[in-house]
>>> print(open('query-v8.txt').read())   # compact mmCIF, C-alpha atoms
# COMPACT_ATOMS: atom_id res chain seq x y z
CA MET U 236 18.63 -16.92 11.03
CA VAL U 237 16.85 -14.54 8.68
CA PHE U 238 16.98 -10.79 9.18
CA VAL U 239 13.72 -9.05 8.22
CA ASN U 240 12.99 -5.36 8.53
CA VAL U 241 9.96 -3.60 7.04
CA LYS U 242 8.75 -0.04 7.54
CA ILE U 243 6.33 2.53 6.25
CA LEU U 244 8.46 5.67 6.14
CA ASP U 245 7.34 9.26 6.06
CA ARG U 246 8.69 11.66 3.46
CA GLY U 247 12.11 12.91 4.46
CA GLU U 248 13.04 10.07 6.79
CA PRO U 249 16.63 9.38 5.78
CA VAL U 250 17.73 5.98 4.54
CA SER U 251 21.39 5.00 4.30
CA ILE U 252 22.48 2.33 1.85
CA ASP U 253 25.43 1.47 4.12
CA SER U 254 23.13 0.91 7.08
CA ILE U 255 20.85 -1.29 4.95
CA ILE U 256 23.77 -3.51 3.97
CA ASN U 257 25.08 -3.60 7.55
CA ASP U 258 21.61 -4.59 8.81
CA LEU U 259 21.27 -7.34 6.21
CA VAL U 260 24.59 -9.01 7.02
CA ARG U 261 24.74 -8.35 10.77
CA GLU U 262 23.17 -11.72 11.62
CA ASP U 263 25.22 -13.52 8.96
CA ALA U 264 27.93 -14.76 11.28
CA GLY U 265 28.94 -17.54 8.89
CA HIS U 266 29.33 -15.09 5.97
CA LEU U 267 26.89 -17.01 3.78
CA VAL U 268 25.82 -13.85 1.96
CA GLY U 269 27.50 -13.44 -1.40
CA GLY U 270 25.34 -10.68 -2.77
CA VAL U 271 22.77 -8.02 -1.95
CA GLY U 272 20.12 -7.11 -4.50
CA LEU U 273 18.72 -3.59 -4.20
CA PHE U 274 15.72 -1.94 -5.85
CA ILE U 275 15.04 1.75 -5.32
CA GLY U 276 11.86 3.21 -6.78
CA LEU U 277 11.74 6.92 -7.63
CA VAL U 278 8.94 9.32 -8.53
CA LYS U 279 8.97 9.90 -12.29
CA GLY U 280 8.73 13.48 -13.53
CA VAL U 281 6.85 12.86 -16.79
CA ILE U 282 3.82 10.63 -17.41
CA ASN U 283 2.01 10.44 -20.75
CA GLY U 284 3.66 13.69 -21.83
CA SER U 285 2.50 15.59 -18.72
CA THR U 286 4.76 16.99 -16.02
CA VAL U 287 4.34 15.36 -12.62
CA THR U 288 4.59 17.86 -9.77
CA SER U 289 4.26 15.24 -7.03
CA LEU U 290 2.99 11.77 -6.22
CA GLU U 291 0.97 11.63 -3.03
CA TYR U 292 1.13 8.25 -1.27
CA SER U 293 -1.17 7.04 1.48
CA ALA U 294 -1.41 3.67 3.18
CA ILE U 295 -3.50 1.68 5.62
CA LYS U 296 -0.41 1.72 7.77
CA GLU U 297 -0.96 -1.17 10.18
CA VAL U 298 -2.26 -3.46 7.41
CA ALA U 299 0.54 -2.40 5.07
CA GLU U 300 3.29 -3.18 7.58
CA LYS U 301 1.75 -6.57 8.28
CA ALA U 302 1.58 -7.31 4.54
CA LEU U 303 5.20 -6.21 4.02
CA ASN U 304 6.32 -8.46 6.85
CA HIS U 305 4.40 -11.40 5.38
CA ILE U 306 5.94 -10.88 1.94
CA ALA U 307 9.45 -10.53 3.39
CA TYR U 308 9.31 -13.78 5.33
CA GLU U 309 7.74 -15.72 2.44
CA ILE U 310 10.35 -14.46 -0.03
CA ALA U 311 13.17 -15.24 2.41
CA GLU U 312 11.93 -18.79 2.86
CA LYS U 313 11.22 -19.42 -0.83
CA TYR U 314 14.67 -18.26 -1.99
CA GLY U 315 16.71 -19.29 1.06
CA LEU U 316 17.76 -15.72 1.81
CA GLN U 317 19.69 -14.41 4.81
CA GLY U 318 17.94 -11.04 4.86
CA VAL U 319 15.03 -9.03 3.42
CA LEU U 320 14.38 -5.35 3.98
CA ILE U 321 11.42 -3.42 2.56
CA TYR U 322 10.78 0.29 3.17
CA HIS U 323 7.82 2.06 1.53
CA ARG U 324 7.40 5.80 1.81
CA ILE U 325 4.15 7.70 2.18
CA GLY U 326 3.46 11.41 1.86
CA ASP U 327 3.61 13.93 -0.97
CA LEU U 328 6.77 12.96 -2.85
CA LYS U 329 8.45 15.04 -5.54
CA PRO U 330 10.01 13.71 -8.76
CA GLY U 331 13.36 12.11 -8.04
CA GLU U 332 12.49 11.25 -4.42
CA THR U 333 12.64 7.63 -3.32
CA THR U 334 9.35 5.78 -2.90
CA LEU U 335 10.26 2.17 -2.28
CA ILE U 336 13.42 0.41 -1.20
CA ILE U 337 13.77 -3.37 -1.32
CA ALA U 338 17.00 -5.14 -0.43
CA VAL U 339 17.57 -8.87 -0.31
CA ALA U 340 20.69 -10.72 0.79
CA GLY U 341 21.52 -14.25 -0.33
CA LYS U 342 24.20 -16.64 -1.47
CA SER U 343 24.38 -15.46 -5.07
CA ARG U 344 22.58 -13.74 -7.95
CA VAL U 345 20.80 -17.03 -8.66
CA ASN U 346 18.53 -16.56 -5.66
CA VAL U 347 18.95 -12.82 -5.04
CA MET U 348 17.77 -11.45 -8.40
CA PRO U 349 14.52 -13.44 -8.78
CA ALA U 350 13.75 -12.83 -5.10
CA LEU U 351 14.11 -9.08 -5.61
CA SER U 352 11.87 -9.11 -8.67
CA GLU U 353 9.17 -11.20 -6.98
CA ALA U 354 9.25 -9.09 -3.82
CA LEU U 355 8.71 -5.95 -5.92
CA GLU U 356 5.76 -7.41 -7.82
CA ARG U 357 4.17 -8.61 -4.60
CA VAL U 358 4.60 -5.25 -2.86
CA LYS U 359 2.85 -3.51 -5.76
CA LYS U 360 -0.13 -5.89 -5.65
CA GLU U 361 -0.52 -6.95 -2.01
CA VAL U 362 0.24 -3.93 0.14
CA PRO U 363 -2.53 -1.37 0.73
CA VAL U 364 -0.74 1.70 -0.58
CA PHE U 365 -2.47 4.29 -2.76
CA LYS U 366 -1.32 7.07 -5.09
CA LEU U 367 -2.69 10.42 -6.17
CA GLU U 368 -0.71 11.85 -9.07
CA HIS U 369 -0.50 15.65 -9.25
CA ARG U 370 0.23 16.63 -12.88
CA SER U 371 0.30 19.65 -15.11
CA ASP U 372 -2.98 18.44 -16.67
CA GLY U 373 -4.80 17.65 -13.39
CA ASP U 374 -4.86 15.20 -10.49
CA TYR U 375 -5.30 11.47 -11.09
CA TRP U 376 -5.99 8.58 -8.73
CA ILE U 377 -3.81 5.62 -9.69
CA ILE U 378 -5.81 2.44 -9.30
CA GLY U 379 -3.97 -0.88 -9.31
CA ASP U 380 -0.88 -0.95 -11.45
CA SER U 381 -1.60 1.79 -13.97
CA THR U 382 -5.28 2.75 -14.28
CA ARG U 383 -5.67 6.52 -13.91
CA ILE U 384 -8.95 8.17 -12.95
CA PRO U 385 -9.21 11.98 -12.86
CA LYS U 386 -9.87 13.22 -9.35
CA LYS U 387 -13.07 15.14 -8.96
CA GLN U 388 -14.21 17.39 -6.17
CA ALA U 389 -17.05 15.22 -4.93
CA SER U 390 -20.09 16.36 -3.07
CA ARG U 391 -19.85 14.16 -0.02
CA THR U 392 -22.87 11.95 0.39
CA LEU U 393 -22.52 11.09 4.05
CA GLN U 394 -21.69 13.30 6.96
CA PRO U 395 -20.29 11.96 10.22
CA LEU U 396 -22.84 11.69 12.99
CA MET G 176 -25.85 0.30 15.13
CA LYS G 177 -22.87 2.52 14.40
CA VAL G 178 -19.70 1.68 12.52
CA ASN G 179 -16.58 3.74 11.94
CA VAL G 180 -15.87 4.22 8.24
CA ARG G 181 -12.61 5.25 6.58
CA ALA G 182 -12.14 5.64 2.84
CA TYR G 183 -8.95 5.71 0.79
CA SER G 184 -8.05 7.06 -2.63
CA LEU G 185 -10.97 7.72 -4.96
CA PHE G 186 -13.52 6.47 -2.40
CA SER G 187 -12.64 9.54 -0.33
CA GLU G 188 -14.42 11.56 -3.03
CA ILE G 189 -17.76 10.15 -1.95
CA ILE G 190 -17.26 8.98 1.65
CA ARG G 191 -16.22 11.19 4.52
CA ASP G 192 -14.40 9.40 7.33
CA GLY G 193 -16.58 9.11 10.43
CA VAL G 194 -19.35 7.26 12.17
CA VAL G 195 -22.20 5.87 10.06
CA GLU G 196 -25.45 4.55 11.49
CA ILE G 197 -26.83 1.48 9.72
CA ASN G 198 -29.49 -1.12 10.42
CA ASP G 199 -28.74 -3.88 12.91
CA TYR G 200 -27.60 -7.14 11.29
CA SER G 201 -26.22 -5.28 8.28
CA THR G 202 -23.48 -6.90 6.20
CA VAL G 203 -20.54 -5.36 4.38
CA LYS G 204 -22.65 -5.44 1.21
CA ASP G 205 -25.45 -3.49 2.91
CA LEU G 206 -22.99 -0.85 4.12
CA ILE G 207 -21.35 -0.46 0.69
CA GLU G 208 -24.75 0.04 -0.90
CA VAL G 209 -25.57 2.72 1.67
CA LEU G 210 -22.24 4.47 1.12
CA LEU G 211 -21.90 4.19 -2.65
CA GLY G 212 -25.49 3.72 -3.82
CA GLY G 213 -24.34 0.43 -5.38
CA LEU G 214 -21.42 -1.95 -5.20
CA GLU G 215 -18.95 0.22 -7.10
CA TYR G 216 -17.99 3.84 -7.60
CA ARG G 217 -16.71 5.18 -10.94
CA GLY G 218 -16.32 1.58 -12.11
CA ILE G 219 -14.15 0.52 -9.16
CA THR G 220 -15.26 -2.13 -6.67
CA PRO G 221 -13.93 -1.50 -3.17
CA ILE G 222 -11.68 -3.82 -1.23
CA VAL G 223 -13.06 -3.88 2.31
CA PHE G 224 -11.32 -4.33 5.64
CA VAL G 225 -13.23 -4.85 8.87
CA ASN G 226 -11.13 -4.25 11.97
CA LYS G 227 -8.07 -4.36 9.69
CA GLU G 228 -8.85 -7.81 8.24
CA LYS G 229 -9.97 -8.24 4.64
CA ALA G 230 -13.71 -8.95 4.54
CA GLY G 231 -16.16 -10.32 1.98
CA LEU G 232 -19.54 -8.90 1.08
CA ASP G 233 -21.41 -11.30 3.36
CA ARG G 234 -19.41 -10.39 6.47
CA ALA G 235 -21.84 -9.45 9.26
CA LEU G 236 -21.04 -6.13 10.91
CA ARG G 237 -21.19 -5.36 14.61
CA ASP G 238 -21.68 -2.16 16.51
CA GLY G 239 -18.34 -0.35 16.77
CA ASP G 240 -16.63 -2.11 13.86
CA GLU G 241 -14.04 -0.15 11.90
CA VAL G 242 -14.66 -0.51 8.17
CA ILE G 243 -12.17 0.62 5.54
CA LEU G 244 -12.95 0.94 1.82
CA ALA G 245 -10.07 1.04 -0.61
CA PRO G 246 -9.47 0.51 -4.33
CA PRO G 247 -6.99 -2.03 -5.76
CA PHE G 248 -3.56 -1.25 -4.36
CA SER G 249 -0.95 0.80 -6.20
CA GLY G 250 2.25 0.61 -4.21
CA GLY G 251 5.71 0.96 -5.58
>>> encode(input="query-v8.txt", output="structure tokens")
Amino acid sequence: MVFVNVKILDRGEPVSIDSIINDLVREDAGHLVGGVGLFIGLVKGVINGSTVTSLEYSAIKEVAEKALNHIAYEIAEKYGLQGVLIYHRIGDLKPGETTLIIAVAGKSRVNVMPALSEALERVKKEVPVFKLEHRSDGDYWIIGDSTRIPKKQASRTLQPL
Amino acid sequence: MKVNVRAYSLFSEIIRDGVVEINDYSTVKDLIEVLLGGLEYRGITPIVFVNKEKAGLDRALRDGDEVILAPPFSGG
């Protein structure tokens, strides 16, 4: 039986590493798990020589949670894992705060490490999460992996009816 | 007919969330052209969701649909 848990978390919602590990191995009655791989993403404080004051995340929440769940189950099946947990934060996050937590539990590093790497790449590409970077030299939309477009104060073209 | 529009990231510069009235039998492509004045904004083509499912340009819209426009994703 595979344990899967995915969440979109708000800023400040606490996450305990101990509880993540307990969750991942709770269903592992036969003690098949020999290792847990853990990735924790943090907001960086310097980009292209500019100071980052915060990274503002938004998400199409219902679609994002569905996509995270889909990725988790596919990764678990592909690598024969006992557990996959993916938490992605949204909100205005400061440098040093956690943005993304992925944990996978499996028999050994042979399946755990590539599963962790693939899960991370898929989360970055397949989950509708968006970033606005607030920096000392202005605000930038981050589009896709690394394209940055300066935010402008647009004159809205359409008004709600 | 009327559809509910939501925009994310840089598309929120040009689209305000709310109800938009468009011609009956409009497609996603028709709506994007109304909203953006073309099929892209600042060089970015939107990814479109209709009622939370990804939709192509030829998807026919119905009265009351919820349409979301978003750029390529940037999670992590």
>>> closest_atom_pairs(input="query-v8.txt", of="chain U", to="chain G", cutoff="10 Å", atoms="all atoms listed in the file", output="JSON lines")
{"residue": "U:Ile275", "atom": "CA", "partner": "G:Gly251", "partner_atom": "CA", "distance": 9.4}
{"residue": "U:Gly276", "atom": "CA", "partner": "G:Gly251", "partner_atom": "CA", "distance": 6.7}
{"residue": "U:Leu277", "atom": "CA", "partner": "G:Gly251", "partner_atom": "CA", "distance": 8.7}
{"residue": "U:Val278", "atom": "CA", "partner": "G:Gly251", "partner_atom": "CA", "distance": 9.4}
{"residue": "U:Tyr292", "atom": "CA", "partner": "G:Gly250", "partner_atom": "CA", "distance": 8.3}
{"residue": "U:Ser293", "atom": "CA", "partner": "G:Tyr183", "partner_atom": "CA", "distance": 7.9}
{"residue": "U:Ala294", "atom": "CA", "partner": "G:Tyr183", "partner_atom": "CA", "distance": 8.2}
{"residue": "U:Ile295", "atom": "CA", "partner": "G:Tyr183", "partner_atom": "CA", "distance": 8.3}
{"residue": "U:Lys296", "atom": "CA", "partner": "G:Lys227", "partner_atom": "CA", "distance": 10.0}
{"residue": "U:Glu297", "atom": "CA", "partner": "G:Lys227", "partner_atom": "CA", "distance": 7.8}
{"residue": "U:Val298", "atom": "CA", "partner": "G:Lys227", "partner_atom": "CA", "distance": 6.3}
{"residue": "U:Ala299", "atom": "CA", "partner": "G:Gly250", "partner_atom": "CA", "distance": 9.9}
{"residue": "U:His323", "atom": "CA", "partner": "G:Gly251", "partner_atom": "CA", "distance": 7.5}
{"residue": "U:Arg324", "atom": "CA", "partner": "G:Gly251", "partner_atom": "CA", "distance": 9.0}
{"residue": "U:Ile325", "atom": "CA", "partner": "G:Gly250", "partner_atom": "CA", "distance": 9.7}
{"residue": "U:Thr333", "atom": "CA", "partner": "G:Gly251", "partner_atom": "CA", "distance": 9.9}
{"residue": "U:Thr334", "atom": "CA", "partner": "G:Gly251", "partner_atom": "CA", "distance": 6.6}
{"residue": "U:Leu335", "atom": "CA", "partner": "G:Gly251", "partner_atom": "CA", "distance": 5.7}
{"residue": "U:Ile336", "atom": "CA", "partner": "G:Gly251", "partner_atom": "CA", "distance": 8.9}
{"residue": "U:Leu355", "atom": "CA", "partner": "G:Gly251", "partner_atom": "CA", "distance": 7.5}
{"residue": "U:Glu356", "atom": "CA", "partner": "G:Gly251", "partner_atom": "CA", "distance": 8.7}
{"residue": "U:Arg357", "atom": "CA", "partner": "G:Gly250", "partner_atom": "CA", "distance": 9.4}
{"residue": "U:Val358", "atom": "CA", "partner": "G:Gly250", "partner_atom": "CA", "distance": 6.5}
{"residue": "U:Lys359", "atom": "CA", "partner": "G:Gly250", "partner_atom": "CA", "distance": 4.4}
{"residue": "U:Lys360", "atom": "CA", "partner": "G:Phe248", "partner_atom": "CA", "distance": 5.9}
{"residue": "U:Glu361", "atom": "CA", "partner": "G:Phe248", "partner_atom": "CA", "distance": 6.9}
{"residue": "U:Val362", "atom": "CA", "partner": "G:Phe248", "partner_atom": "CA", "distance": 6.5}
{"residue": "U:Pro363", "atom": "CA", "partner": "G:Phe248", "partner_atom": "CA", "distance": 5.2}
{"residue": "U:Val364", "atom": "CA", "partner": "G:Gly250", "partner_atom": "CA", "distance": 4.8}
{"residue": "U:Phe365", "atom": "CA", "partner": "G:Ser249", "partner_atom": "CA", "distance": 5.1}
{"residue": "U:Lys366", "atom": "CA", "partner": "G:Ser249", "partner_atom": "CA", "distance": 6.4}
{"residue": "U:Leu367", "atom": "CA", "partner": "G:Ser184", "partner_atom": "CA", "distance": 7.2}
{"residue": "U:Tyr375", "atom": "CA", "partner": "G:Leu185", "partner_atom": "CA", "distance": 9.2}
{"residue": "U:Trp376", "atom": "CA", "partner": "G:Leu185", "partner_atom": "CA", "distance": 6.3}
{"residue": "U:Ile377", "atom": "CA", "partner": "G:Ser249", "partner_atom": "CA", "distance": 6.6}
{"residue": "U:Ile378", "atom": "CA", "partner": "G:Pro247", "partner_atom": "CA", "distance": 5.8}
{"residue": "U:Gly379", "atom": "CA", "partner": "G:Ser249", "partner_atom": "CA", "distance": 4.6}
{"residue": "U:Asp380", "atom": "CA", "partner": "G:Ser249", "partner_atom": "CA", "distance": 5.5}
{"residue": "U:Ser381", "atom": "CA", "partner": "G:Ser249", "partner_atom": "CA", "distance": 7.9}
{"residue": "U:Thr382", "atom": "CA", "partner": "G:Ser249", "partner_atom": "CA", "distance": 9.4}
{"residue": "U:Ile384", "atom": "CA", "partner": "G:Leu185", "partner_atom": "CA", "distance": 8.3}
{"residue": "U:Pro385", "atom": "CA", "partner": "G:Leu185", "partner_atom": "CA", "distance": 9.1}
{"residue": "U:Lys386", "atom": "CA", "partner": "G:Leu185", "partner_atom": "CA", "distance": 7.1}
{"residue": "U:Lys387", "atom": "CA", "partner": "G:Glu188", "partner_atom": "CA", "distance": 7.1}
{"residue": "U:Gln388", "atom": "CA", "partner": "G:Glu188", "partner_atom": "CA", "distance": 6.6}
{"residue": "U:Ala389", "atom": "CA", "partner": "G:Glu188", "partner_atom": "CA", "distance": 4.9}
{"residue": "U:Ser390", "atom": "CA", "partner": "G:Ile189", "partner_atom": "CA", "distance": 6.7}
{"residue": "U:Arg391", "atom": "CA", "partner": "G:Ile189", "partner_atom": "CA", "distance": 4.9}
{"residue": "U:Thr392", "atom": "CA", "partner": "G:Ile189", "partner_atom": "CA", "distance": 5.9}
{"residue": "U:Leu393", "atom": "CA", "partner": "G:Ile190", "partner_atom": "CA", "distance": 6.2}
{"residue": "U:Gln394", "atom": "CA", "partner": "G:Arg191", "partner_atom": "CA", "distance": 6.4}
{"residue": "U:Pro395", "atom": "CA", "partner": "G:Gly193", "partner_atom": "CA", "distance": 4.7}
{"residue": "U:Leu396", "atom": "CA", "partner": "G:Val194", "partner_atom": "CA", "distance": 5.7}
>>> atom_distance(input="query-v8.txt", atom1="CA of Ser289 in chain U", atom2="CA of Ala302 in chain U")
25.5 Å
>>> closest_residue(input="query-v8.txt", among="U:Asn283, U:Thr288, U:Ser352, U:Asn304", to="Leu320 in chain U", atoms="all atoms listed in the file")
U:Asn304
>>> atom_distance(input="query-v8.txt", atom1="CA of Gly272 in chain U", atom2="CA of Val345 in chain U")
10.8 Å
>>> atom_distance(input="query-v8.txt", atom1="CA of Leu273 in chain U", atom2="CA of Ile337 in chain U")
5.7 Å
>>> residues_around(input="query-v8.txt", residues="Asp253 in chain U", least_positions_apart="6", cutoff="12 Å", atoms="all atoms listed in the file", output="number ranges by chain")
U: 259-261, 271, 273, 338
>>> closest_residue(input="query-v8.txt", among="U:His369, U:His305, U:Arg383, U:Lys342", to="Asp327 in chain U", atoms="all atoms listed in the file")
U:His369
>>> residues_near_point(input="query-v8.txt", point="(-18.6, -6.5, 11.7)", cutoff="12 Å", atoms="all atoms listed in the file", output="compact mmCIF listing (two decimals) with C-alpha atoms, in the frame of the given file")
# COMPACT_ATOMS: atom_id res chain seq x y z
CA MET G 176 -25.85 0.30 15.13
CA LYS G 177 -22.87 2.52 14.40
CA VAL G 178 -19.70 1.68 12.52
CA ASN G 179 -16.58 3.74 11.94
CA VAL G 180 -15.87 4.22 8.24
CA ILE G 197 -26.83 1.48 9.72
CA ASP G 199 -28.74 -3.88 12.91
CA TYR G 200 -27.60 -7.14 11.29
CA SER G 201 -26.22 -5.28 8.28
CA THR G 202 -23.48 -6.90 6.20
CA VAL G 203 -20.54 -5.36 4.38
CA LYS G 204 -22.65 -5.44 1.21
CA ASP G 205 -25.45 -3.49 2.91
CA LEU G 206 -22.99 -0.85 4.12
CA VAL G 223 -13.06 -3.88 2.31
CA PHE G 224 -11.32 -4.33 5.64
CA VAL G 225 -13.23 -4.85 8.87
CA ASN G 226 -11.13 -4.25 11.97
CA LYS G 227 -8.07 -4.36 9.69
CA GLU G 228 -8.85 -7.81 8.24
CA LYS G 229 -9.97 -8.24 4.64
CA ALA G 230 -13.71 -8.95 4.54
CA GLY G 231 -16.16 -10.32 1.98
CA LEU G 232 -19.54 -8.90 1.08
CA ASP G 233 -21.41 -11.30 3.36
CA ARG G 234 -19.41 -10.39 6.47
CA ALA G 235 -21.84 -9.45 9.26
CA LEU G 236 -21.04 -6.13 10.91
CA ARG G 237 -21.19 -5.36 14.61
CA ASP G 238 -21.68 -2.16 16.51
CA GLY G 239 -18.34 -0.35 16.77
CA ASP G 240 -16.63 -2.11 13.86
CA GLU G 241 -14.04 -0.15 11.90
CA VAL G 242 -14.66 -0.51 8.17
CA ILE G 243 -12.17 0.62 5.54
>>> closest_residue(input="query-v8.txt", among="U:Glu309, U:Glu300, U:Asp263, U:Glu332", to="Glu248 in chain U", atoms="only C-alpha atoms")
U:Glu332
>>> residues_near_point(input="query-v8.txt", point="(15.4, -15.0, -5.0)", cutoff="10 Å", atoms="only C-alpha atoms", output="list in words")
Gly272, Ile310, Ala311, Glu312, Lys313, Tyr314, Gly315, Leu316, Val339, Ala340, Gly341, Lys342, Ser343, Arg344, Val345, Asn346, Val347, Met348, Pro349, Ala350, Leu351, Ser352, Glu353 and Ala354 of chain U
>>> decode(input="query-v8.txt", residues="chain G", atoms="C-alpha atoms", output="PDB file, in the first residue's frame")
ATOM      1  CA  MET G 176     -23.361  34.813 -23.108  1.00  0.00           C
ATOM      2  CA  LYS G 177     -21.347  35.458 -19.970  1.00  0.00           C
ATOM      3  CA  VAL G 178     -18.253  33.668 -18.732  1.00  0.00           C
ATOM      4  CA  ASN G 179     -16.317  34.075 -15.506  1.00  0.00           C
ATOM      5  CA  VAL G 180     -12.683  34.981 -16.150  1.00  0.00           C
ATOM      6  CA  ARG G 181      -9.723  34.681 -13.783  1.00  0.00           C
ATOM      7  CA  ALA G 182      -6.161  35.633 -14.673  1.00  0.00           C
ATOM      8  CA  TYR G 183      -2.904  34.645 -13.009  1.00  0.00           C
ATOM      9  CA  SER G 184       0.574  36.137 -12.943  1.00  0.00           C
ATOM     10  CA  LEU G 185       1.355  38.612 -15.712  1.00  0.00           C
ATOM     11  CA  PHE G 186      -2.080  38.174 -17.308  1.00  0.00           C
ATOM     12  CA  SER G 187      -3.501  39.905 -14.225  1.00  0.00           C
ATOM     13  CA  GLU G 188      -1.859  43.078 -15.569  1.00  0.00           C
ATOM     14  CA  ILE G 189      -4.340  43.217 -18.424  1.00  0.00           C
ATOM     15  CA  ILE G 190      -7.351  41.173 -17.263  1.00  0.00           C
ATOM     16  CA  ARG G 191      -9.420  41.918 -14.200  1.00  0.00           C
ATOM     17  CA  ASP G 192     -11.142  38.894 -12.673  1.00  0.00           C
ATOM     18  CA  GLY G 193     -14.891  38.987 -13.276  1.00  0.00           C
ATOM     19  CA  VAL G 194     -17.709  38.331 -15.676  1.00  0.00           C
ATOM     20  CA  VAL G 195     -17.121  38.969 -19.381  1.00  0.00           C
ATOM     21  CA  GLU G 196     -19.870  39.062 -21.986  1.00  0.00           C
ATOM     22  CA  ILE G 197     -18.949  37.501 -25.325  1.00  0.00           C
ATOM     23  CA  ASN G 198     -20.798  36.392 -28.434  1.00  0.00           C
ATOM     24  CA  ASP G 199     -22.725  33.128 -28.348  1.00  0.00           C
ATOM     25  CA  TYR G 200     -20.801  30.174 -29.825  1.00  0.00           C
ATOM     26  CA  SER G 201     -17.468  31.782 -28.965  1.00  0.00           C
ATOM     27  CA  THR G 202     -14.404  29.575 -28.549  1.00  0.00           C
ATOM     28  CA  VAL G 203     -11.439  29.905 -26.207  1.00  0.00           C
ATOM     29  CA  LYS G 204      -9.557  31.550 -29.080  1.00  0.00           C
ATOM     30  CA  ASP G 205     -12.303  34.153 -29.520  1.00  0.00           C
ATOM     31  CA  LEU G 206     -12.243  34.957 -25.804  1.00  0.00           C
ATOM     32  CA  ILE G 207      -8.442  35.288 -25.685  1.00  0.00           C
ATOM     33  CA  GLU G 208      -8.538  37.684 -28.610  1.00  0.00           C
ATOM     34  CA  VAL G 209     -11.165  39.775 -26.835  1.00  0.00           C
ATOM     35  CA  LEU G 210      -9.163  39.809 -23.604  1.00  0.00           C
ATOM     36  CA  LEU G 211      -5.642  40.259 -24.957  1.00  0.00           C
ATOM     37  CA  GLY G 212      -6.212  41.825 -28.373  1.00  0.00           C
ATOM     38  CA  GLY G 213      -4.342  38.837 -29.838  1.00  0.00           C
ATOM     39  CA  LEU G 214      -3.230  35.378 -28.803  1.00  0.00           C
ATOM     40  CA  GLU G 215      -0.392  36.483 -26.526  1.00  0.00           C
ATOM     41  CA  TYR G 216       0.527  39.221 -24.089  1.00  0.00           C
ATOM     42  CA  ARG G 217       4.107  40.510 -23.712  1.00  0.00           C
ATOM     43  CA  GLY G 218       5.276  37.528 -25.754  1.00  0.00           C
ATOM     44  CA  ILE G 219       3.603  34.930 -23.525  1.00  0.00           C
ATOM     45  CA  THR G 220       0.846  32.645 -24.794  1.00  0.00           C
ATOM     46  CA  PRO G 221      -1.681  31.753 -22.096  1.00  0.00           C
ATOM     47  CA  ILE G 222      -2.438  28.278 -20.863  1.00  0.00           C
ATOM     48  CA  VAL G 223      -6.222  28.086 -20.568  1.00  0.00           C
ATOM     49  CA  PHE G 224      -8.425  26.129 -18.188  1.00  0.00           C
ATOM     50  CA  VAL G 225     -12.177  25.864 -18.661  1.00  0.00           C
ATOM     51  CA  ASN G 226     -13.999  24.682 -15.560  1.00  0.00           C
ATOM     52  CA  LYS G 227     -10.591  23.653 -14.170  1.00  0.00           C
ATOM     53  CA  GLU G 228      -9.691  21.409 -17.136  1.00  0.00           C
ATOM     54  CA  LYS G 229      -6.975  22.385 -19.604  1.00  0.00           C
ATOM     55  CA  ALA G 230      -8.569  23.579 -22.855  1.00  0.00           C
ATOM     56  CA  GLY G 231      -7.398  24.142 -26.420  1.00  0.00           C
ATOM     57  CA  LEU G 232      -8.088  27.158 -28.582  1.00  0.00           C
ATOM     58  CA  ASP G 233     -10.992  25.486 -30.383  1.00  0.00           C
ATOM     59  CA  ARG G 234     -12.867  24.616 -27.188  1.00  0.00           C
ATOM     60  CA  ALA G 235     -16.440  25.939 -27.451  1.00  0.00           C
ATOM     61  CA  LEU G 236     -17.518  28.015 -24.469  1.00  0.00           C
ATOM     62  CA  ARG G 237     -20.878  27.907 -22.743  1.00  0.00           C
ATOM     63  CA  ASP G 238     -22.760  30.435 -20.697  1.00  0.00           C
ATOM     64  CA  GLY G 239     -21.472  30.336 -17.120  1.00  0.00           C
ATOM     65  CA  ASP G 240     -18.130  28.682 -17.871  1.00  0.00           C
ATOM     66  CA  GLU G 241     -15.191  29.560 -15.636  1.00  0.00           C
ATOM     67  CA  VAL G 242     -12.139  30.395 -17.738  1.00  0.00           C
ATOM     68  CA  ILE G 243      -8.652  30.763 -16.281  1.00  0.00           C
ATOM     69  CA  LEU G 244      -5.680  32.245 -18.146  1.00  0.00           C
ATOM     70  CA  ALA G 245      -2.204  31.512 -16.847  1.00  0.00           C
ATOM     71  CA  PRO G 246       1.383  31.612 -18.111  1.00  0.00           C
ATOM     72  CA  PRO G 247       3.739  28.599 -18.116  1.00  0.00           C
ATOM     73  CA  PHE G 248       4.034  27.323 -14.565  1.00  0.00           C
ATOM     74  CA  SER G 249       6.867  28.246 -12.226  1.00  0.00           C
ATOM     75  CA  GLY G 250       6.516  26.123  -9.123  1.00  0.00           C
ATOM     76  CA  GLY G 251       9.303  25.089  -6.847  1.00  0.00           C
TER      77      GLY G 251
END
